[in-house]
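The file query_14.txt comes next; it holds compact mmCIF, C-alpha atoms.
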# COMPACT_ATOMS: atom_id res chain seq x y z
CA MET P 51 -11.36 61.87 -17.81
CA ARG P 52 -13.23 59.20 -19.71
CA SER P 53 -10.58 58.97 -22.38
CA ARG P 54 -7.87 58.54 -19.70
CA ARG P 55 -9.85 55.81 -17.97
CA GLY P 56 -10.37 54.10 -21.28
CA ARG P 57 -6.65 54.30 -21.98
CA PHE P 58 -5.80 52.50 -18.69
CA LEU P 59 -8.76 50.10 -18.76
CA LEU P 60 -8.08 48.61 -22.20
CA PRO P 61 -4.50 47.44 -21.45
CA LEU P 62 -5.66 45.99 -18.13
CA VAL P 63 -8.40 43.98 -19.85
CA CYS P 64 -5.92 42.85 -22.49
CA VAL P 65 -3.44 41.65 -19.86
CA ILE P 66 -6.17 39.71 -18.02
CA LEU P 67 -7.31 38.06 -21.23
CA GLN P 68 -3.70 37.28 -22.09
CA LEU P 69 -3.13 35.51 -18.77
CA ALA P 70 -6.37 33.56 -19.20
CA VAL P 71 -5.36 32.41 -22.69
CA ILE P 72 -1.91 31.32 -21.50
CA ILE P 73 -3.29 29.36 -18.55
CA ILE P 74 -5.90 27.67 -20.76
CA PHE P 75 -3.25 26.91 -23.39
CA ASN P 76 -0.94 25.34 -20.84
CA GLY P 77 -3.76 23.32 -19.30
CA LEU P 78 -4.97 21.96 -22.64
CA PHE P 79 -1.79 21.39 -24.62
CA SER P 80 1.02 21.01 -22.07
CA PRO P 81 1.61 17.81 -20.01
CA ILE P 82 1.84 19.15 -16.47
CA GLY P 83 3.78 17.03 -14.02
CA ASP P 84 3.69 13.30 -13.90
CA SER P 85 0.24 11.78 -14.16
CA ASN P 86 1.38 8.82 -12.09
CA SER P 87 2.03 11.08 -9.09
CA ILE P 88 -1.59 12.28 -8.84
CA TYR P 89 -3.90 9.93 -6.99
CA CYS P 90 -7.64 9.91 -6.50
CA LEU P 91 -8.65 11.65 -3.30
CA ALA P 92 -12.06 10.20 -2.67
CA ASP P 93 -12.27 6.81 -4.35
CA ASP P 94 -12.59 3.99 -1.80
CA SER P 95 -13.87 1.26 -4.16
CA LEU P 96 -12.73 -2.30 -3.77
CA GLU P 97 -10.77 -2.39 -7.03
CA ASP P 98 -8.93 0.97 -6.70
CA ASP P 99 -5.52 1.65 -5.16
CA ASP P 100 -4.73 -2.07 -4.73
CA ASP P 101 -1.07 -1.71 -5.55
CA PHE P 102 -0.64 1.46 -3.48
CA LEU P 103 -2.29 0.02 -0.37
CA ALA P 104 -0.50 -3.31 -0.78
CA GLU P 105 2.88 -1.56 -0.95
CA ILE P 106 2.18 0.48 2.17
CA LEU P 107 0.92 -2.51 4.14
CA ALA P 108 3.88 -4.61 3.00
CA GLU P 109 6.25 -1.81 3.96
CA GLN P 110 4.70 -1.54 7.42
CA ALA P 111 4.91 -5.32 7.84
CA ARG P 112 8.58 -5.25 6.85
CA GLU P 113 9.23 -2.41 9.30
CA ASP P 114 7.56 -4.34 12.12
CA GLU P 115 9.55 -7.46 11.27
CA GLU P 116 12.79 -5.47 11.11
CA LEU P 117 12.05 -3.81 14.46
CA SER P 118 11.40 -7.14 16.17
CA ARG P 119 14.56 -8.59 14.64
CA ILE P 120 16.64 -5.62 15.81
CA GLU P 121 15.23 -5.91 19.33
CA ALA P 122 16.15 -9.60 19.42
CA GLU P 123 19.65 -8.81 18.20
CA ALA P 124 20.02 -6.06 20.78
CA ARG P 125 19.13 -8.49 23.55
CA GLU P 126 21.61 -11.00 22.19
CA PHE P 127 24.39 -8.40 21.99
CA ASP P 128 23.68 -7.24 25.54
CA ALA P 129 24.06 -10.81 26.66
CA MET P 130 27.35 -11.06 24.72
CA ARG P 131 28.67 -7.89 26.38
CA ALA P 132 27.69 -9.24 29.77
CA ARG P 133 29.65 -12.42 29.08
CA GLN P 134 32.69 -10.66 27.61
CA PRO P 135 34.55 -9.62 30.84
CA SER P 136 34.27 -13.11 32.34
CA ALA P 137 35.55 -14.64 29.09
CA GLY P 138 38.55 -12.30 28.80
CA GLY P 139 39.40 -11.79 32.46
CA GLY P 140 40.92 -15.18 32.95
CA GLY P 141 39.99 -16.69 36.23
CA GLY P 142 42.58 -19.01 35.16
CA MET P 143 43.71 -22.21 33.88
CA PRO P 144 46.36 -24.08 35.77
CA GLY P 145 49.80 -22.81 35.07
CA GLY P 146 48.87 -19.42 33.70
CA GLY P 147 47.20 -16.16 34.61
CA GLY P 148 44.44 -14.42 32.79
CA THR P 149 46.67 -11.92 31.01
CA LYS P 150 48.88 -14.63 29.60
CA MET P 151 45.89 -16.57 28.32
CA GLY P 152 44.65 -13.49 26.50
CA GLY P 153 47.95 -13.03 24.66
CA PRO P 154 47.88 -9.95 22.44
CA ARG P 155 44.27 -9.34 23.35
CA GLY P 156 45.25 -8.42 26.92
CA ASN P 157 47.48 -5.60 25.59
CA MET P 158 44.86 -4.39 23.05
CA PRO P 159 43.74 -0.75 23.57
CA LYS P 160 40.24 -0.15 24.80
CA GLY P 161 39.15 1.73 21.63
CA ALA P 162 40.44 -1.01 19.33
CA ARG P 163 38.59 -3.60 21.37
CA GLY P 164 35.35 -1.63 20.99
CA ALA P 165 35.91 -1.18 17.24
CA SER P 166 36.48 -4.90 16.74
CA PHE P 167 33.31 -5.65 18.69
CA SER P 168 31.32 -3.16 16.56
CA LYS P 169 32.62 -4.81 13.41
CA LEU P 170 31.63 -8.19 14.81
CA GLU P 171 28.15 -6.83 15.50
CA GLU P 172 27.79 -5.51 11.94
CA ASP P 173 28.95 -8.78 10.43
CA LEU P 174 26.57 -10.73 12.62
CA LYS P 175 23.67 -8.43 11.67
CA LYS P 176 24.42 -8.83 7.97
CA LYS P 177 24.58 -12.60 8.27
CA GLU P 178 21.32 -12.77 10.23
CA ALA P 179 19.58 -10.45 7.75
CA GLU P 180 20.78 -12.55 4.83
CA SER P 181 19.74 -15.80 6.49
CA ALA P 182 16.31 -14.35 7.40
CA SER P 183 15.66 -13.09 3.88
CA LYS P 184 16.87 -16.38 2.43
CA LYS P 185 14.60 -18.34 4.75
CA THR P 186 11.62 -16.13 3.88
CA THR P 187 12.28 -16.62 0.18
CA GLN P 188 12.57 -20.36 0.63
CA ASP P 189 9.32 -20.50 2.61
CA GLU P 190 7.52 -18.52 -0.08
CA GLU P 191 8.88 -20.77 -2.80
CA GLU P 192 7.86 -23.90 -0.89
CA ALA P 193 4.38 -22.50 -0.31
CA ALA P 194 4.05 -21.66 -4.02
CA LYS P 195 5.22 -25.15 -5.00
CA ASP P 196 2.76 -26.77 -2.58
CA ALA P 197 -0.08 -24.64 -3.93
CA GLU P 198 0.85 -25.54 -7.51
CA ARG P 199 1.00 -29.26 -6.67
CA MET P 200 -2.41 -29.05 -5.01
CA ARG P 201 -3.84 -27.18 -7.99
CA LEU P 202 -2.56 -29.78 -10.46
CA LYS P 203 -3.90 -32.60 -8.29
CA ARG P 204 -7.35 -31.01 -8.09
CA GLU P 205 -7.39 -30.28 -11.82
CA ALA P 206 -6.54 -33.90 -12.57
CA ALA P 207 -9.30 -35.09 -10.23
CA PHE P 208 -11.80 -32.78 -11.96
CA GLU P 209 -10.80 -34.05 -15.39
CA ALA P 210 -11.27 -37.62 -14.16
CA GLU P 211 -14.76 -36.73 -12.96
CA LEU P 212 -15.59 -35.17 -16.32
CA GLU P 213 -14.74 -38.38 -18.13
CA LYS P 214 -17.40 -40.22 -16.13
CA MET P 215 -20.15 -37.71 -17.06
CA ASN P 216 -22.31 -37.44 -20.11
CA GLU P 217 -22.27 -34.39 -22.39
CA GLU P 218 -24.94 -32.40 -20.55
CA GLN P 219 -23.45 -33.05 -17.12
CA ARG P 220 -20.01 -32.14 -18.43
CA LYS P 221 -21.19 -28.76 -19.72
CA LYS P 222 -22.96 -28.02 -16.46
CA ALA P 223 -19.86 -28.93 -14.41
CA GLN P 224 -17.63 -26.75 -16.59
CA ARG P 225 -19.99 -23.77 -16.25
CA GLN P 226 -20.01 -24.21 -12.47
CA LYS P 227 -16.24 -24.43 -12.42
CA SER P 228 -15.90 -21.15 -14.33
CA ILE P 229 -18.16 -19.48 -11.74
CA ASP P 230 -16.10 -20.97 -8.91
CA ALA P 231 -12.89 -19.80 -10.58
CA LYS P 232 -14.11 -16.18 -10.61
CA VAL P 233 -14.84 -16.28 -6.88
CA VAL P 234 -11.46 -17.86 -6.11
CA LYS P 235 -9.62 -15.36 -8.31
CA ARG P 236 -11.29 -12.40 -6.57
CA ILE P 237 -10.44 -13.74 -3.10
CA LEU P 238 -6.80 -14.45 -3.94
CA LYS P 239 -6.35 -11.05 -5.59
CA ALA P 240 -7.73 -9.24 -2.53
CA HIS P 241 -5.65 -11.42 -0.20
CA LYS P 242 -2.46 -10.65 -2.12
CA SER P 243 -3.22 -6.93 -1.80
CA GLY P 244 -3.76 -7.30 1.95
CA LYS P 245 -7.40 -6.13 1.78
CA HIS P 246 -9.25 -8.33 4.24
CA TYR P 247 -12.62 -6.61 3.80
CA ALA P 248 -12.40 -7.20 0.04
CA VAL P 249 -11.59 -10.88 0.63
CA LEU P 250 -14.97 -11.27 2.30
CA GLY P 251 -16.65 -9.04 -0.28
CA ILE P 252 -17.50 -6.40 2.34
CA ARG P 253 -17.36 -2.74 1.42
CA ASN P 254 -15.80 -0.85 4.29
CA LEU P 255 -17.50 2.56 4.56
CA GLU P 256 -16.42 3.18 8.13
CA VAL P 257 -15.88 6.86 8.99
CA GLN P 258 -14.15 8.15 12.11
CA ILE P 259 -14.92 11.66 13.36
CA GLY P 260 -12.87 13.29 16.07
CA PRO P 261 -11.61 13.32 18.69
CA PHE P 262 -12.40 16.94 19.52
CA TYR P 263 -10.72 18.81 22.36
CA VAL P 264 -12.72 21.45 24.25
CA PHE P 265 -11.24 23.02 27.39
CA ASN P 266 -8.76 20.13 27.82
CA LEU P 267 -11.62 17.64 27.46
CA SER P 268 -11.59 14.98 24.77
CA ILE P 269 -14.86 14.29 22.92
CA GLY P 270 -14.98 11.28 20.66
CA PRO P 271 -13.88 9.77 18.41
CA PHE P 272 -17.20 8.81 16.82
CA VAL P 273 -17.32 5.88 14.40
CA LEU P 274 -20.03 5.75 11.73
CA PHE P 275 -21.08 2.94 9.36
CA ARG P 276 -19.02 0.31 11.16
CA VAL P 277 -19.67 -3.25 9.99
CA LYS P 278 -20.71 -5.40 12.93
CA THR P 279 -18.85 -8.57 13.82
CA LYS P 280 -22.06 -10.57 13.52
CA ALA P 281 -22.45 -9.47 9.91
CA ILE P 282 -18.83 -10.38 9.16
CA LYS P 283 -19.36 -13.88 10.58
CA ARG P 284 -22.52 -14.33 8.52
CA VAL P 285 -20.75 -13.28 5.30
CA TYR P 286 -17.84 -15.59 6.14
CA ARG P 287 -20.12 -18.61 6.65
CA ASN P 288 -21.93 -18.02 3.36
CA LEU P 289 -18.71 -17.52 1.43
CA ALA P 290 -16.98 -20.47 3.10
CA ARG P 291 -19.69 -22.77 1.74
CA THR P 292 -18.94 -21.52 -1.76
CA VAL P 293 -15.15 -21.68 -1.54
CA HIS P 294 -14.80 -24.90 0.45
CA PRO P 295 -12.57 -27.34 -1.49
CA ASP P 296 -15.19 -30.10 -1.25
CA LYS P 297 -17.70 -27.94 -3.13
CA ASN P 298 -15.59 -25.56 -5.20
CA LYS P 299 -14.03 -27.29 -8.22
CA ASP P 300 -11.36 -24.71 -8.98
CA GLY P 301 -7.77 -25.87 -8.59
CA ARG P 302 -6.87 -23.07 -6.13
CA ALA P 303 -9.96 -23.42 -3.99
CA GLU P 304 -8.02 -24.67 -0.97
CA GLU P 305 -5.66 -21.71 -1.14
CA ALA P 306 -8.61 -19.32 -1.37
CA PHE P 307 -10.30 -21.05 1.57
CA HIS P 308 -7.21 -20.53 3.76
CA ALA P 309 -7.08 -16.86 2.69
CA LEU P 310 -10.74 -16.50 3.62
CA GLU P 311 -10.11 -18.04 7.05
CA THR P 312 -7.17 -15.68 7.66
CA SER P 313 -9.17 -12.57 6.79
CA ALA P 314 -12.16 -13.69 8.86
CA ALA P 315 -9.90 -14.40 11.85
CA ILE P 316 -8.50 -10.87 11.67
CA LEU P 317 -11.82 -9.08 11.19
CA THR P 318 -13.71 -11.01 13.88
CA ASP P 319 -11.04 -10.31 16.52
CA GLU P 320 -11.56 -6.79 17.88
CA ASN P 321 -7.89 -6.12 18.66
CA LYS P 322 -6.60 -7.37 15.32
CA ARG P 323 -9.35 -5.58 13.46
CA SER P 324 -8.58 -2.32 15.28
CA ASP P 325 -4.90 -2.59 14.35
CA TYR P 326 -5.80 -3.35 10.74
CA ASP P 327 -8.21 -0.40 10.56
CA LYS P 328 -5.51 1.91 11.93
CA ARG P 329 -3.15 0.75 9.22
CA ILE P 330 -5.81 1.39 6.56
CA ILE P 331 -6.46 4.89 7.91
CA SER P 332 -2.73 5.60 7.93
CA ALA P 333 -2.43 4.36 4.35
CA ARG P 334 -5.30 6.57 3.21
CA ARG P 335 -3.77 9.60 4.90
CA ARG P 336 -0.50 8.95 3.17
CA ARG P 337 -2.28 8.56 -0.16
CA ASN P 338 -4.16 11.83 0.33
CA LYS P 339 -0.95 13.55 1.36
CA TYR P 340 0.85 12.35 -1.77
CA ALA P 341 -2.12 13.36 -3.92
CA MET P 342 -2.22 16.85 -2.40
CA GLU P 343 1.52 17.23 -2.90
CA GLY P 344 1.06 16.17 -6.52
CA VAL P 345 -1.73 18.71 -7.08
CA VAL P 346 0.26 21.51 -5.47
CA GLY P 347 3.33 20.60 -7.50
CA ALA P 348 1.32 20.52 -10.72
CA SER P 349 -0.21 23.92 -9.92
CA GLN P 350 3.22 25.40 -9.30
CA VAL P 351 4.54 23.98 -12.57
CA ALA P 352 1.51 25.36 -14.43
CA TRP P 353 2.01 28.82 -12.93
CA LYS P 354 5.74 28.87 -13.75
CA ARG P 355 5.09 27.75 -17.32
CA SER P 356 2.36 30.36 -17.72
CA VAL P 357 4.65 33.13 -16.54
CA SER P 358 7.54 31.95 -18.72
CA THR P 359 5.20 31.69 -21.74
CA LEU P 360 3.92 35.21 -21.10
CA ARG P 361 7.45 36.61 -20.93
CA LEU P 362 8.48 34.77 -24.07
CA ALA P 363 5.41 36.03 -25.93
CA LYS P 364 6.17 39.61 -24.93
CA ARG P 365 9.77 39.29 -26.09
CA VAL P 366 8.91 37.69 -29.42
CA LEU P 367 5.78 39.62 -30.34
CA GLY P 368 6.73 42.90 -28.71
CA PRO P 369 3.97 45.51 -28.91
CA PHE P 370 1.77 43.12 -30.92
CA SER P 371 1.60 40.51 -28.13
CA THR P 372 -1.50 41.92 -26.45
CA PRO P 373 -3.78 42.21 -29.52
CA ILE P 374 -2.66 38.81 -30.84
CA LEU P 375 -3.44 37.10 -27.56
CA VAL P 376 -6.77 38.92 -27.29
CA ILE P 377 -7.71 37.78 -30.79
CA GLY P 378 -6.64 34.25 -29.90
CA ALA P 379 -8.79 34.34 -26.76
CA LEU P 380 -11.79 35.51 -28.77
CA ILE P 381 -11.26 32.74 -31.31
CA ILE P 382 -11.04 30.06 -28.58

Rewrite the structure of this file - the entire thing - as C-alpha cells.
Amino acid sequence: MRSRRGRFLLPLVCVILQLAVIIIFNGLFSPIGDSNSIYCLADDSLEDDDDFLAEILAEQAREDEELSRIEAEAREFDAMRARQPSAGGGGGMPGGGGTKMGGPRGNMPKGARGASFSKLEEDLKKKEAESASKKTTQDEEEAAKDAERMRLKREAAFEAELEKMNEEQRKKAQRQKSIDAKVVKRILKAHKSGKHYAVLGIRNLEVQIGPFYVFNLSIGPFVLFRVKTKAIKRVYRNLARTVHPDKNKDGRAEEAFHALETSAAILTDENKRSDYDKRIISARRRRNKYAMEGVVGASQVAWKRSVSTLRLAKRVLGPFSTPILVIGALII
C-alpha cells in the first residue's frame, strides 16, 4: 500500500511544482498585458492621476455642453416644424393660390418632404457644431494670447525694477520671484487638470459611506473627513495674498489668481461643490473599474500563457519534463 501511495504521490508533487515554476517564470520573465492599462487603486495624492482625471472631467464637460446644444437645437427645430405648415400652405398672395405658389413643392410626396427636412436638420447641426468648435478654439487662442501679452508686460516691468536696485536687492528679488514662480506653476497645473482642491493646496480625504437599505429604509450616506467651508475660505485668503499680482512678481501671477478665484468660488458654494465631488467620485469609480479590468485581464493572460507553456514543455521534453521542471524549481 505504501509503495502504491508513493507512486501516485510523487507525480502529483511533481505536477504541482511544475505549475509553480511555470507561473513564477511567466511572472518574472514575461511582459503580461499592457502596463499602461493598470492603474493604482488606492493612491489619492495630489500629483497622481492628473491626466486621467482631467480627461474624464473634460469628457463630462464636453458631454454636458453637447447635451445643452442638442436641446437648444431640438427647440429650434420644433419651432421650425411649427412654422412649416403656415409657410407652405399659402394663405395667398393676390392672383394665386397656395398650391401654385408652392410650385413643385406642392406636388412633392410626404416621405420626400420629410427626408429633405431631415437632411436640412443634419446640415444645420453640422454647421452649428463646426461654428461652435471654431468659436471655442478662437476664444482659447485669444485667452492664450492675452495671457502671454500680460506675462511679457509683467516680465518687462520686473526687469525695469531690477535695474533700479543694487546687487543685494536684485538677488533678493530674484530669489523671491523663483519662489513665487513655483506657487504659480503649481496652481496653474492643478487648474489645467481640473483639480480645484489641489489649486488651493487642500488634500481631499473625504470618504462617503452608504447609503444602507434595511427593510426599505435608507440609512446614510455618512460623510467623513469633509473639509469645512470655513477652512477653505481661510486657505483661499492666505493663498490669495501670495498670488495677488501686486505682490507676486511672476509673469503669470494674474492668470494664477483668476484660477484661484474660480476654484474658491466652486468649493465655497455648496451646490457647485456637491456637483464637483460627485464628478470626482464618478471618476474614481471609473478608474478603479478600469484598474480591476486590467488586473483580471492580466491574470487571464498569465493563466493562458502558463497552460500553453506547460503543454509545450510536455510535448518537447516528453517524459523528462517533470524531473527537469522539478530540478529547475529546486534551483530557483

Q: Rank P:Ala248, P:His308, P:Ala314, P:Thr187 by their smallest atom-to-atom distance to Val293 (chain P), using all atoms listed in the file, and report the top residue only.
A: P:His308

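Between CA of Ser313 (chain P) and CA of Val249 (chain P) there is a distance of 6.8 Å.
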
Q) Taking into account all atoms listed in the file, which residue in the set P:Val277, P:Phe272, P:Leu310, P:Lys195 is nearest to Ala290 (chain P)? A)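 Distance minimum relative to Ala290 (chain P) lands on P:Leu310.
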
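Ranking P:Ala182, P:Ala206, P:Ala306, P:Ala223 by their shortest atom-to-atom distance to Ala240 (chain P), with all atoms listed in the file included, puts P:Ala306 first.
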
Q: Could you please determine the separation between CA of Tyr286 (chain P) and CA of Phe307 (chain P) in Å, to one decimal place?
A: 10.4 Å

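All protein, DNA and RNA residues at most 9 Å from (-7.8, -12.3, 9.6) are P:His246, P:Ala309, P:Leu310, P:Glu311, P:Thr312, P:Ser313, P:Ala314, P:Ala315, P:Ile316, P:Leu317, P:Thr318, P:Asp319, P:Lys322, P:Arg323, using all atoms listed in the file.
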
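Straight-line separation from CA of Glu256 (chain P) to CA of Asp327 (chain P): 9.3 Å.
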
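Using all atoms listed in the file, the smallest distance between any of P:Ala207, P:Val346, P:Leu238, P:Leu362 and Arg302 (chain P) comes from P:Leu238.
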
Q | Spatial neighbours of Lys203 (chain P), 12 Å, all atoms listed in the file, chain gap at least 5 places, as JSON, numbers by chain | A | {"P": [196, 197, 198, 208, 209, 210, 299, 300, 301, 302, 303, 304]}

Q: Check the smallest atom-to-atom distance from each of P:Ser332, P:Ser243, P:Thr292, P:Asn338 to Gln226 (chain P) using all atoms listed in the file, then report the winner.
A: P:Thr292

Q. Nearest to Asp296 (chain P) among P:Arg125, P:Arg112, P:Arg204, P:Arg361, with distances taken over all atoms listed in the file: which residue is it?
A.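 Selected residue with least distance to Asp296 (chain P): P:Arg204.
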